[in-house]
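> Here you go, this is structure-v5.cif (mmCIF, C-alpha atoms).
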data_query
loop_
_atom_site.group_PDB
_atom_site.id
_atom_site.type_symbol
_atom_site.label_atom_id
_atom_site.label_comp_id
_atom_site.auth_asym_id
_atom_site.auth_seq_id
_atom_site.Cartn_x
_atom_site.Cartn_y
_atom_site.Cartn_z
ATOM 1 C CA MET J 1 2.153 -6.671 28.820
ATOM 2 C CA PHE J 2 0.364 -3.374 29.400
ATOM 3 C CA PHE J 3 -1.208 -3.375 25.935
ATOM 4 C CA GLN J 4 -2.725 -6.764 26.794
ATOM 5 C CA LEU J 5 -4.000 -5.348 30.070
ATOM 6 C CA GLY J 6 -5.435 -2.379 28.187
ATOM 7 C CA ARG J 7 -7.439 -4.612 25.878
ATOM 8 C CA HIS J 8 -8.685 -6.520 28.921
ATOM 9 C CA ILE J 9 -9.828 -3.336 30.654
ATOM 10 C CA LEU J 10 -11.469 -1.856 27.576
ATOM 11 C CA LYS J 11 -13.413 -5.087 26.968
ATOM 12 C CA SER J 12 -15.308 -4.396 30.180
ATOM 13 C CA ARG J 13 -18.503 -2.501 29.438
ATOM 14 C CA ASN J 14 -18.523 -0.795 32.820
ATOM 15 C CA SER J 15 -14.896 0.288 32.525
ATOM 16 C CA ARG J 16 -15.454 1.488 28.955
ATOM 17 C CA ASN J 17 -18.456 3.580 30.009
ATOM 18 C CA HIS J 18 -16.574 4.923 33.030
ATOM 19 C CA LEU J 19 -13.581 6.012 30.936
ATOM 20 C CA PHE J 20 -15.783 7.524 28.209
ATOM 21 C CA THR J 21 -17.727 9.514 30.797
ATOM 22 C CA HIS J 22 -14.564 10.877 32.326
ATOM 23 C CA PHE J 23 -13.027 11.819 28.967
ATOM 24 C CA ILE J 24 -16.198 13.761 28.162
ATOM 25 C CA LYS J 25 -15.975 15.426 31.568
ATOM 26 C CA MET J 26 -12.319 16.322 31.008
ATOM 27 C CA SER J 27 -13.234 17.957 27.705
ATOM 28 C CA THR J 28 -15.977 20.107 29.228
ATOM 29 C CA GLU J 29 -14.446 21.058 32.580
ATOM 30 C CA LYS J 30 -11.269 22.993 33.153
ATOM 31 C CA PHE J 31 -9.057 21.949 36.070
ATOM 32 C CA CYS J 32 -6.028 23.861 37.285
ATOM 33 C CA ALA J 33 -2.723 22.217 38.096
ATOM 34 C CA VAL J 34 -1.104 21.987 41.528
ATOM 35 C CA SER J 35 2.321 20.847 42.621
ATOM 36 C CA LEU J 36 3.048 17.379 43.939
ATOM 37 C CA GLU J 37 4.278 19.003 47.145
ATOM 38 C CA ARG J 38 0.909 20.661 47.662
ATOM 39 C CA VAL J 39 -0.938 17.371 47.300
ATOM 40 C CA VAL J 40 1.408 15.693 49.783
ATOM 41 C CA THR J 41 0.884 18.566 52.219
ATOM 42 C CA VAL J 42 -2.899 18.123 52.062
ATOM 43 C CA LEU J 43 -2.557 14.357 52.518
ATOM 44 C CA GLU J 44 -0.277 14.685 55.530
ATOM 45 C CA LYS J 45 -2.441 17.383 57.078
ATOM 46 C CA PHE J 46 -5.279 14.860 57.050
ATOM 47 C CA ALA J 47 -3.104 11.998 58.378
ATOM 48 C CA PRO J 48 0.461 12.807 59.471
ATOM 49 C CA LYS J 49 3.009 10.122 58.609
ATOM 50 C CA GLU J 50 3.853 9.871 62.326
ATOM 51 C CA LEU J 51 0.535 8.077 62.846
ATOM 52 C CA ALA J 52 1.679 5.122 60.741
ATOM 53 C CA GLU J 53 2.955 1.966 62.430
ATOM 54 C CA SER J 54 6.734 1.681 62.720
ATOM 55 C CA TRP J 55 6.815 -1.399 60.465
ATOM 56 C CA ASP J 56 4.836 0.295 57.696
ATOM 57 C CA ASN J 57 6.101 1.966 54.518
ATOM 58 C CA THR J 58 4.062 5.119 53.976
ATOM 59 C CA GLY J 59 4.385 8.462 52.282
ATOM 60 C CA LEU J 60 5.651 9.435 48.843
ATOM 61 C CA LEU J 61 7.026 6.205 47.350
ATOM 62 C CA VAL J 62 7.558 7.113 43.692
ATOM 63 C CA GLU J 63 8.623 10.563 42.537
ATOM 64 C CA PRO J 64 9.544 10.845 38.853
ATOM 65 C CA TYR J 65 12.852 12.564 38.112
ATOM 66 C CA THR J 66 11.200 15.192 35.908
ATOM 67 C CA PRO J 67 8.286 16.612 37.928
ATOM 68 C CA ARG J 68 4.831 17.300 36.560
ATOM 69 C CA GLN J 69 2.027 19.445 37.865
ATOM 70 C CA ILE J 70 -0.923 17.417 39.150
ATOM 71 C CA THR J 71 -4.300 17.790 37.445
ATOM 72 C CA LYS J 72 -5.755 14.298 37.992
ATOM 73 C CA ILE J 73 -5.346 11.783 40.816
ATOM 74 C CA LEU J 74 -6.446 8.141 40.940
ATOM 75 C CA LEU J 75 -7.335 6.585 44.308
ATOM 76 C CA THR J 76 -7.008 2.834 44.743
ATOM 77 C CA ASN J 77 -6.875 0.340 47.567
ATOM 78 C CA ASP J 78 -4.274 -1.838 45.829
ATOM 79 C CA LEU J 79 -1.964 -0.803 43.009
ATOM 80 C CA THR J 80 -1.907 -3.558 40.397
ATOM 81 C CA GLU J 81 -0.799 -3.428 36.772
ATOM 82 C CA ASP J 82 -4.430 -2.941 35.727
ATOM 83 C CA VAL J 83 -4.752 0.071 38.027
ATOM 84 C CA ALA J 84 -1.481 1.581 36.763
ATOM 85 C CA LEU J 85 -2.788 1.347 33.200
ATOM 86 C CA GLU J 86 -6.118 2.835 34.282
ATOM 87 C CA ALA J 87 -4.231 5.845 35.675
ATOM 88 C CA GLU J 88 -2.432 6.315 32.364
ATOM 89 C CA ILE J 89 -5.662 5.998 30.369
ATOM 90 C CA LEU J 90 -7.260 8.662 32.565
ATOM 91 C CA ALA J 91 -4.155 10.879 32.175
ATOM 92 C CA CYS J 92 -3.485 10.943 35.920
ATOM 93 C CA GLU J 93 -0.173 12.314 37.119
ATOM 94 C CA MET J 94 -0.531 10.755 40.557
ATOM 95 C CA ILE J 95 -1.848 7.599 42.224
ATOM 96 C CA ILE J 96 -2.754 7.340 45.903
ATOM 97 C CA SER J 97 -2.668 3.656 46.847
ATOM 98 C CA TYR J 98 -3.902 2.857 50.340
ATOM 99 C CA HIS J 99 -1.710 -0.262 50.522
ATOM 100 C CA PRO J 100 1.958 0.412 49.720
ATOM 101 C CA PRO J 101 2.985 -1.726 46.734
ATOM 102 C CA ILE J 102 6.617 -1.158 47.713
ATOM 103 C CA PHE J 103 6.968 -2.889 51.068
ATOM 104 C CA ALA J 104 9.722 -5.486 51.028
ATOM 105 C CA PRO J 105 12.965 -3.995 49.633
ATOM 106 C CA LEU J 106 13.327 -4.053 45.853
ATOM 107 C CA LYS J 107 16.825 -4.982 44.696
ATOM 108 C CA SER J 108 16.120 -4.097 41.075
ATOM 109 C CA ILE J 109 13.512 -2.490 38.821
ATOM 110 C CA VAL J 110 13.182 -4.936 35.935
ATOM 111 C CA GLN J 111 10.354 -6.883 34.298
ATOM 112 C CA ARG J 112 10.482 -10.149 36.221
ATOM 113 C CA SER J 113 7.806 -9.392 38.860
ATOM 114 C CA TRP J 114 4.567 -7.477 38.706
ATOM 115 C CA LYS J 115 5.549 -5.037 41.458
ATOM 116 C CA GLU J 116 8.780 -4.142 39.666
ATOM 117 C CA ARG J 117 6.832 -3.690 36.425
ATOM 118 C CA VAL J 118 4.415 -1.326 38.169
ATOM 119 C CA VAL J 119 7.230 0.846 39.528
ATOM 120 C CA SER J 120 8.978 0.829 36.140
ATOM 121 C CA TYR J 121 5.757 1.850 34.407
ATOM 122 C CA LEU J 122 5.073 4.702 36.836
ATOM 123 C CA LEU J 123 8.560 6.080 36.343
ATOM 124 C CA GLU J 124 8.291 5.791 32.552
ATOM 125 C CA LYS J 125 4.921 7.554 32.522
ATOM 126 C CA ARG J 126 6.015 10.078 35.192
ATOM 127 C CA ILE J 127 3.209 9.130 37.601
ATOM 128 C CA ALA J 128 3.850 9.830 41.283
ATOM 129 C CA LEU J 129 2.767 7.371 43.987
ATOM 130 C CA TYR J 130 1.732 8.041 47.586
ATOM 131 C CA SER J 131 0.664 5.393 50.131
ATOM 132 C CA PRO J 132 -0.899 6.274 53.514
ATOM 133 C CA HIS J 133 -1.876 2.820 54.844
ATOM 134 C CA THR J 134 -1.840 2.666 58.674
ATOM 135 C CA SER J 135 -1.812 6.456 59.061
ATOM 136 C CA TRP J 136 -5.316 6.384 57.569
ATOM 137 C CA ASP J 137 -6.264 3.584 59.975
ATOM 138 C CA SER J 138 -5.149 5.546 63.009
ATOM 139 C CA VAL J 139 -6.454 9.035 62.261
ATOM 140 C CA GLN J 140 -9.879 10.275 63.298
ATOM 141 C CA GLY J 141 -12.167 10.240 60.287
ATOM 142 C CA GLY J 142 -10.032 7.563 58.635
ATOM 143 C CA VAL J 143 -10.663 4.017 57.471
ATOM 144 C CA ASN J 144 -11.632 2.536 60.848
ATOM 145 C CA ASP J 145 -14.054 5.365 61.548
ATOM 146 C CA TRP J 146 -15.580 4.857 58.097
ATOM 147 C CA LEU J 147 -16.114 1.171 58.963
ATOM 148 C CA ALA J 148 -17.625 2.201 62.305
ATOM 149 C CA SER J 149 -20.128 4.441 60.492
ATOM 150 C CA ALA J 150 -22.163 1.314 59.726
ATOM 151 C CA PHE J 151 -23.518 1.684 63.269
ATOM 152 C CA SER J 152 -25.176 4.313 65.434
ATOM 153 C CA VAL J 153 -22.372 4.907 67.912
ATOM 154 C CA ALA J 154 -22.579 6.447 71.381
ATOM 155 C CA GLU J 155 -18.846 6.146 72.109
ATOM 156 C CA SER J 156 -15.811 5.198 70.039
ATOM 157 C CA LYS J 157 -12.169 4.898 71.026
ATOM 158 C CA PRO J 158 -9.054 3.335 69.513
ATOM 159 C CA ILE J 159 -8.248 -0.180 70.714
ATOM 160 C CA LEU J 160 -4.491 0.416 70.576
ATOM 161 C CA GLN J 161 -3.968 4.077 71.381
ATOM 162 C CA SER J 162 -1.039 6.117 70.105
ATOM 163 C CA ASN J 163 0.560 8.966 72.048
ATOM 164 C CA ASN J 164 -2.648 10.873 71.357
ATOM 165 C CA PRO J 165 -5.524 8.832 72.869
ATOM 166 C CA ASP J 166 -7.829 9.915 70.033
ATOM 167 C CA PHE J 167 -5.655 8.141 67.456
ATOM 168 C CA GLY J 168 -4.656 4.519 67.092
ATOM 169 C CA ALA J 169 -5.399 1.105 65.627
ATOM 170 C CA GLY J 170 -8.893 -0.398 65.636
ATOM 171 C CA ARG J 171 -12.028 0.952 67.269
ATOM 172 C CA LEU J 172 -14.076 -0.178 70.269
ATOM 173 C CA LEU J 173 -17.657 0.978 69.830
ATOM 174 C CA HIS J 174 -20.477 1.302 72.330
ATOM 175 C CA LEU J 175 -23.641 1.477 70.248
ATOM 176 C CA SER J 176 -26.375 3.978 70.987
ATOM 177 C CA THR J 177 -28.755 1.069 71.415
ATOM 178 C CA GLY J 178 -28.404 -2.676 71.175
ATOM 179 C CA ILE J 179 -29.270 -4.177 67.782
ATOM 180 C CA PRO J 180 -29.888 -7.764 66.644
ATOM 181 C CA LEU J 181 -26.919 -9.465 65.028
ATOM 182 C CA SER J 182 -28.953 -9.772 61.810
ATOM 183 C CA ASP J 183 -29.294 -5.966 61.755
ATOM 184 C CA ALA J 184 -25.539 -5.563 62.255
ATOM 185 C CA VAL J 185 -24.896 -7.856 59.285
ATOM 186 C CA ASN J 186 -27.245 -5.871 57.054
ATOM 187 C CA ARG J 187 -25.662 -2.563 58.063
ATOM 188 C CA ILE J 188 -22.189 -3.856 57.256
ATOM 189 C CA LYS J 189 -23.337 -5.130 53.871
ATOM 190 C CA GLU J 190 -24.953 -1.797 53.070
ATOM 191 C CA LEU J 191 -21.842 0.214 53.985
ATOM 192 C CA THR J 192 -19.392 -2.031 52.149
ATOM 193 C CA ARG J 193 -21.761 -2.703 49.229
ATOM 194 C CA LEU J 194 -21.162 -6.425 49.610
ATOM 195 C CA SER J 195 -23.804 -9.030 48.913
ATOM 196 C CA HIS J 196 -22.135 -11.542 51.242
ATOM 197 C CA VAL J 197 -20.006 -11.539 54.388
ATOM 198 C CA ARG J 198 -18.678 -14.450 56.430
ATOM 199 C CA ILE J 199 -19.891 -14.914 59.987
ATOM 200 C CA ALA J 200 -18.856 -17.123 62.881
ATOM 201 C CA ALA J 201 -21.679 -16.951 65.399
ATOM 202 C CA ALA J 202 -20.719 -16.928 69.052
ATOM 203 C CA LYS J 203 -21.247 -20.185 70.909
ATOM 204 C CA GLY J 204 -24.894 -20.517 71.888
ATOM 205 C CA LYS J 205 -25.924 -17.302 70.068
ATOM 206 C CA SER J 206 -28.238 -16.783 67.080
ATOM 207 C CA MET J 207 -28.923 -13.993 64.590
ATOM 208 C CA THR J 208 -31.354 -12.442 67.087
ATOM 209 C CA HIS J 209 -28.588 -12.017 69.677
ATOM 210 C CA THR J 210 -28.186 -8.378 70.762
ATOM 211 C CA VAL J 211 -25.003 -6.546 69.813
ATOM 212 C CA GLN J 212 -24.035 -3.611 72.049
ATOM 213 C CA ARG J 213 -20.219 -3.539 71.931
ATOM 214 C CA VAL J 214 -18.360 -3.836 68.617
ATOM 215 C CA ALA J 215 -14.590 -4.159 68.233
ATOM 216 C CA LEU J 216 -13.416 -3.565 64.686
ATOM 217 C CA CYS J 217 -10.237 -3.292 62.684
ATOM 218 C CA ALA J 218 -10.105 -2.691 58.947
ATOM 219 C CA GLY J 219 -7.889 -5.126 57.049
ATOM 220 C CA SER J 220 -6.354 -7.935 59.080
ATOM 221 C CA GLY J 221 -7.593 -7.662 62.653
ATOM 222 C CA SER J 222 -6.300 -10.690 64.542
ATOM 223 C CA SER J 223 -3.543 -8.963 66.504
ATOM 224 C CA VAL J 224 -5.576 -5.831 67.260
ATOM 225 C CA LEU J 225 -8.816 -7.552 68.296
ATOM 226 C CA LYS J 226 -7.323 -10.444 70.279
ATOM 227 C CA GLY J 227 -8.528 -10.360 73.895
ATOM 228 C CA VAL J 228 -10.873 -7.367 73.463
ATOM 229 C CA ASP J 229 -14.169 -7.714 75.347
ATOM 230 C CA ALA J 230 -16.998 -7.223 72.822
ATOM 231 C CA ASP J 231 -20.153 -8.829 71.444
ATOM 232 C CA LEU J 232 -18.887 -8.625 67.862
ATOM 233 C CA TYR J 233 -15.539 -8.536 66.092
ATOM 234 C CA LEU J 234 -15.647 -6.932 62.639
ATOM 235 C CA THR J 235 -12.632 -7.089 60.329
ATOM 236 C CA GLY J 236 -11.526 -8.099 56.857
ATOM 237 C CA GLU J 237 -9.671 -11.301 57.736
ATOM 238 C CA MET J 238 -8.587 -13.281 60.785
ATOM 239 C CA LEU J 239 -6.644 -16.457 61.364
ATOM 240 C CA HIS J 240 -8.814 -19.567 61.687
ATOM 241 C CA HIS J 241 -7.780 -20.307 65.260
ATOM 242 C CA ASP J 242 -8.436 -16.706 66.332
ATOM 243 C CA VAL J 243 -11.940 -16.880 64.839
ATOM 244 C CA LEU J 244 -12.539 -20.191 66.614
ATOM 245 C CA ASP J 245 -11.226 -18.851 69.906
ATOM 246 C CA ALA J 246 -13.430 -15.751 69.757
ATOM 247 C CA ALA J 247 -16.571 -17.730 68.904
ATOM 248 C CA GLN J 248 -15.978 -20.198 71.734
ATOM 249 C CA LYS J 249 -15.589 -17.270 74.142
ATOM 250 C CA GLY J 250 -18.980 -15.845 73.144
ATOM 251 C CA ILE J 251 -17.869 -13.269 70.574
ATOM 252 C CA THR J 252 -19.353 -13.302 67.068
ATOM 253 C CA VAL J 253 -16.922 -12.640 64.194
ATOM 254 C CA ILE J 254 -17.823 -11.033 60.861
ATOM 255 C CA LEU J 255 -15.265 -11.067 58.021
ATOM 256 C CA THR J 256 -15.632 -9.085 54.784
ATOM 257 C CA ASN J 257 -12.358 -9.994 52.969
ATOM 258 C CA HIS J 258 -9.300 -7.861 53.664
ATOM 259 C CA SER J 259 -9.601 -4.943 51.259
ATOM 260 C CA ASP J 260 -13.413 -4.944 51.213
ATOM 261 C CA SER J 261 -13.237 -3.640 54.797
ATOM 262 C CA GLU J 262 -11.197 -0.652 53.540
ATOM 263 C CA ARG J 263 -12.036 0.189 49.919
ATOM 264 C CA GLY J 264 -15.308 2.035 50.514
ATOM 265 C CA PHE J 265 -13.468 4.763 52.425
ATOM 266 C CA LEU J 266 -12.019 5.991 49.124
ATOM 267 C CA ARG J 267 -15.398 7.210 47.883
ATOM 268 C CA GLY J 268 -15.701 9.786 50.644
ATOM 269 C CA PHE J 269 -12.004 10.648 50.649
ATOM 270 C CA ALA J 270 -12.145 11.515 46.951
ATOM 271 C CA ASN J 271 -14.569 14.331 47.798
ATOM 272 C CA TYR J 272 -12.417 15.453 50.736
ATOM 273 C CA LEU J 273 -9.284 15.642 48.591
ATOM 274 C CA HIS J 274 -11.060 17.433 45.748
ATOM 275 C CA LYS J 275 -12.389 20.106 48.124
ATOM 276 C CA ASN J 276 -9.123 20.525 50.046
ATOM 277 C CA LEU J 277 -7.258 21.080 46.795
ATOM 278 C CA ASN J 278 -9.747 23.896 46.118
ATOM 279 C CA GLU J 279 -11.399 21.820 43.389
ATOM 280 C CA GLU J 280 -8.346 22.398 41.208
ATOM 281 C CA VAL J 281 -7.630 18.685 40.741
ATOM 282 C CA GLU J 282 -9.919 15.957 39.404
ATOM 283 C CA VAL J 283 -9.995 12.905 41.671
ATOM 284 C CA PHE J 284 -11.012 9.451 40.433
ATOM 285 C CA VAL J 285 -11.636 6.232 42.364
ATOM 286 C CA SER J 286 -10.359 3.162 40.533
ATOM 287 C CA LYS J 287 -12.966 1.050 38.776
ATOM 288 C CA VAL J 288 -10.678 -1.943 38.253
ATOM 289 C CA ASP J 289 -9.360 -2.235 41.814
ATOM 290 C CA LYS J 290 -11.019 -5.127 43.683
ATOM 291 C CA ASP J 291 -10.321 -7.701 46.353
ATOM 292 C CA PRO J 292 -8.593 -10.749 44.825
ATOM 293 C CA LEU J 293 -11.000 -13.047 46.687
ATOM 294 C CA ILE J 294 -14.607 -13.404 45.587
ATOM 295 C CA THR J 295 -17.443 -15.629 46.799
ATOM 296 C CA VAL J 296 -18.801 -17.941 44.097
#
As structure tokens, how would this structure be written, given the file I've shared?


Amino acid sequence: MFFQLGRHILKSRNSRNHLFTHFIKMSTEKFCAVSLERVVTVLEKFAPKELAESWDNTGLLVEPYTPRQITKILLTNDLTEDVALEAEILACEMIISYHPPIFAPLKSIVQRSWKERVVSYLLEKRIALYSPHTSWDSVQGGVNDWLASAFSVAESKPILQSNNPDFGAGRLLHLSTGIPLSDAVNRIKELTRLSHVRIAAAKGKSMTHTVQRVALCAGSGSSVLKGVDADLYLTGEMLHHDVLDAAQKGITVILTNHSDSERGFLRGFANYLHKNLNEEVEVFVSKVDKDPLITV
């Protein structure tokens, strides 16, 4: 199975060039090793586990029986079999997967499902796994604030506040100045590096309509955004009837696809993690991770 995946990955010119570049880099740069515990400490200093939603499964999810020092870490939005193999090819001892691949209880670790195969492979290769998910959504400077950085913001606050009013799900933005909807679309595309987004224009509004208040939620935003007073809802995905309801109430909706509203955060976080581990660990962002949905 994984050998087949390896051939698939190495057939890709971009992936081949990426891996070759990094192997050259590994041969010319010397990185120290740090403990798994130290990496977890840095991660939870950035976003404490207590910020995660009660239903979520965050933190250290796979810890091999025989520990290894960490010299290389792979960041990914979703941990698939392709990404697990990429980590092994890059000689990473740890993967940080924004979405937890272990969510529903696993009753066995065998080869019958792809999630079980991933866990089995990580254990065999002694690769640790950490998933932050909603703790990164809630924290200041996290995924939702990255998504908000598409705009010039005068005021930002969580839509669903936690015990600390500075933390919580979603963001309600008051922009520094009103911008045309067409400008908002272009800014979102530039931040996410997407060539297309989906838009449901508010009833009676056009692309020249002014946007002043933006409510956003990375990932799936229906439950967080529902009922929020704003000119624009920005999220990865919403239920059809929630999109329809918002548009009929005068609120434009922009959808990017679920993980495309989150993945770009990893680029900046890679630098943060590298610096906060005193540049002793090499940090990669997955080149094979992608949203399963594409526009054709």

> Enumerate, as a short mmCIF file (atom, residue, chain, number, x, y, z; two decimals) with C-alpha atoms, keeping the file's coordinate frame, the residues matched when the PyMOL selection byres ((chain J and resi 162) around 10) is run on the file above.


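Okay, result.cif is ready:
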data_model
loop_
_atom_site.label_atom_id
_atom_site.label_comp_id
_atom_site.auth_asym_id
_atom_site.auth_seq_id
_atom_site.Cartn_x
_atom_site.Cartn_y
_atom_site.Cartn_z
CA GLU J 50 3.85 9.87 62.33
CA LEU J 51 0.54 8.08 62.85
CA ALA J 52 1.68 5.12 60.74
CA GLU J 53 2.96 1.97 62.43
CA SER J 138 -5.15 5.55 63.01
CA VAL J 139 -6.45 9.04 62.26
CA PRO J 158 -9.05 3.34 69.51
CA ILE J 159 -8.25 -0.18 70.71
CA LEU J 160 -4.49 0.42 70.58
CA GLN J 161 -3.97 4.08 71.38
CA ASN J 163 0.56 8.97 72.05
CA ASN J 164 -2.65 10.87 71.36
CA PRO J 165 -5.52 8.83 72.87
CA ASP J 166 -7.83 9.91 70.03
CA PHE J 167 -5.66 8.14 67.46
CA GLY J 168 -4.66 4.52 67.09
CA ALA J 169 -5.40 1.10 65.63
#

> For this structure, which residues satisfy the selection - the PyMOL selection byres ((chain J and resi 292) around 12) - when it is evaluated on the file as given? I want them as a PyMOL selection string.

chain J and resi 77-78+80+257-260+288-291+293-295

> Based on the selection just made, write C-alpha atoms of those residues as an mmCIF file, in the frame of the given file.


data_model
loop_
_atom_site.group_PDB
_atom_site.id
_atom_site.type_symbol
_atom_site.label_atom_id
_atom_site.label_comp_id
_atom_site.auth_asym_id
_atom_site.auth_seq_id
_atom_site.Cartn_x
_atom_site.Cartn_y
_atom_site.Cartn_z
ATOM 1 C CA ASN J 77 -6.875 0.340 47.567
ATOM 2 C CA ASP J 78 -4.274 -1.838 45.829
ATOM 3 C CA THR J 80 -1.907 -3.558 40.397
ATOM 4 C CA ASN J 257 -12.358 -9.994 52.969
ATOM 5 C CA HIS J 258 -9.300 -7.861 53.664
ATOM 6 C CA SER J 259 -9.601 -4.943 51.259
ATOM 7 C CA ASP J 260 -13.413 -4.944 51.213
ATOM 8 C CA VAL J 288 -10.678 -1.943 38.253
ATOM 9 C CA ASP J 289 -9.360 -2.235 41.814
ATOM 10 C CA LYS J 290 -11.019 -5.127 43.683
ATOM 11 C CA ASP J 291 -10.321 -7.701 46.353
ATOM 12 C CA LEU J 293 -11.000 -13.047 46.687
ATOM 13 C CA ILE J 294 -14.607 -13.404 45.587
ATOM 14 C CA THR J 295 -17.443 -15.629 46.799
#

> Got a sec to resolve the PyMOL selection byres ((chain J and resi 100) around 7) on this structure and send the residues as a ChimeraX atom specification?

/J:57-58,97-99,101-103,131,133

> As an exercise, work out the distance from atom CA of J:Val197 to atom CA of J:Asp145 in Å and give it to one decimal place.

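If I compute the distance from atom CA of J:Val197 to atom CA of J:Asp145, I get 19.3 Å.
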
> Which one of J:Val296, J:Leu173, J:Ile73, J:Val185 sits closest to J:Cys92 if you count only C-alpha atoms?

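Looking only at the distances to J:Cys92, the closest residue turns out to be J:Ile73.
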
> One decimal, in Å: what's the spacing between atom CA of J:Thr71 and atom CA of J:Leu36?

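So the answer is 9.8 Å.
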
> Please report the interatomic distance between atom CA of J:Val62 and atom CA of J:Ala91 in Å with one decimal.

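We find that atom CA of J:Val62 and atom CA of J:Ala91 lie 16.9 Å from each other.
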
> Which residue is closest to J:Leu266? Choose from J:Phe46, J:Trp146, J:Tyr130, J:Tyr233 and count only C-alpha atoms.

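Closest to J:Leu266 of all the choices is J:Trp146.
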
> Name the closest residue to J:Glu155 among the candidates J:Leu225, J:Val143, J:Leu175, J:Val39; distances are taken between atoms, counting only C-alpha atoms.

J:Leu175

> Of the residues J:Ser156, J:Leu194, J:Val110, J:Thr252, which is the one nearest to J:Pro180, using only C-alpha atoms?

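Looking only at the distances to J:Pro180, the closest residue turns out to be J:Thr252.
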
> Which polymer residues have any atom within 8 Å of an atom of J:Leu234, counting all atoms listed in the file, with same-chain residues fewer than 3 positions away left out, as a PyMOL selection string?

chain J and resi 214-218+253-255
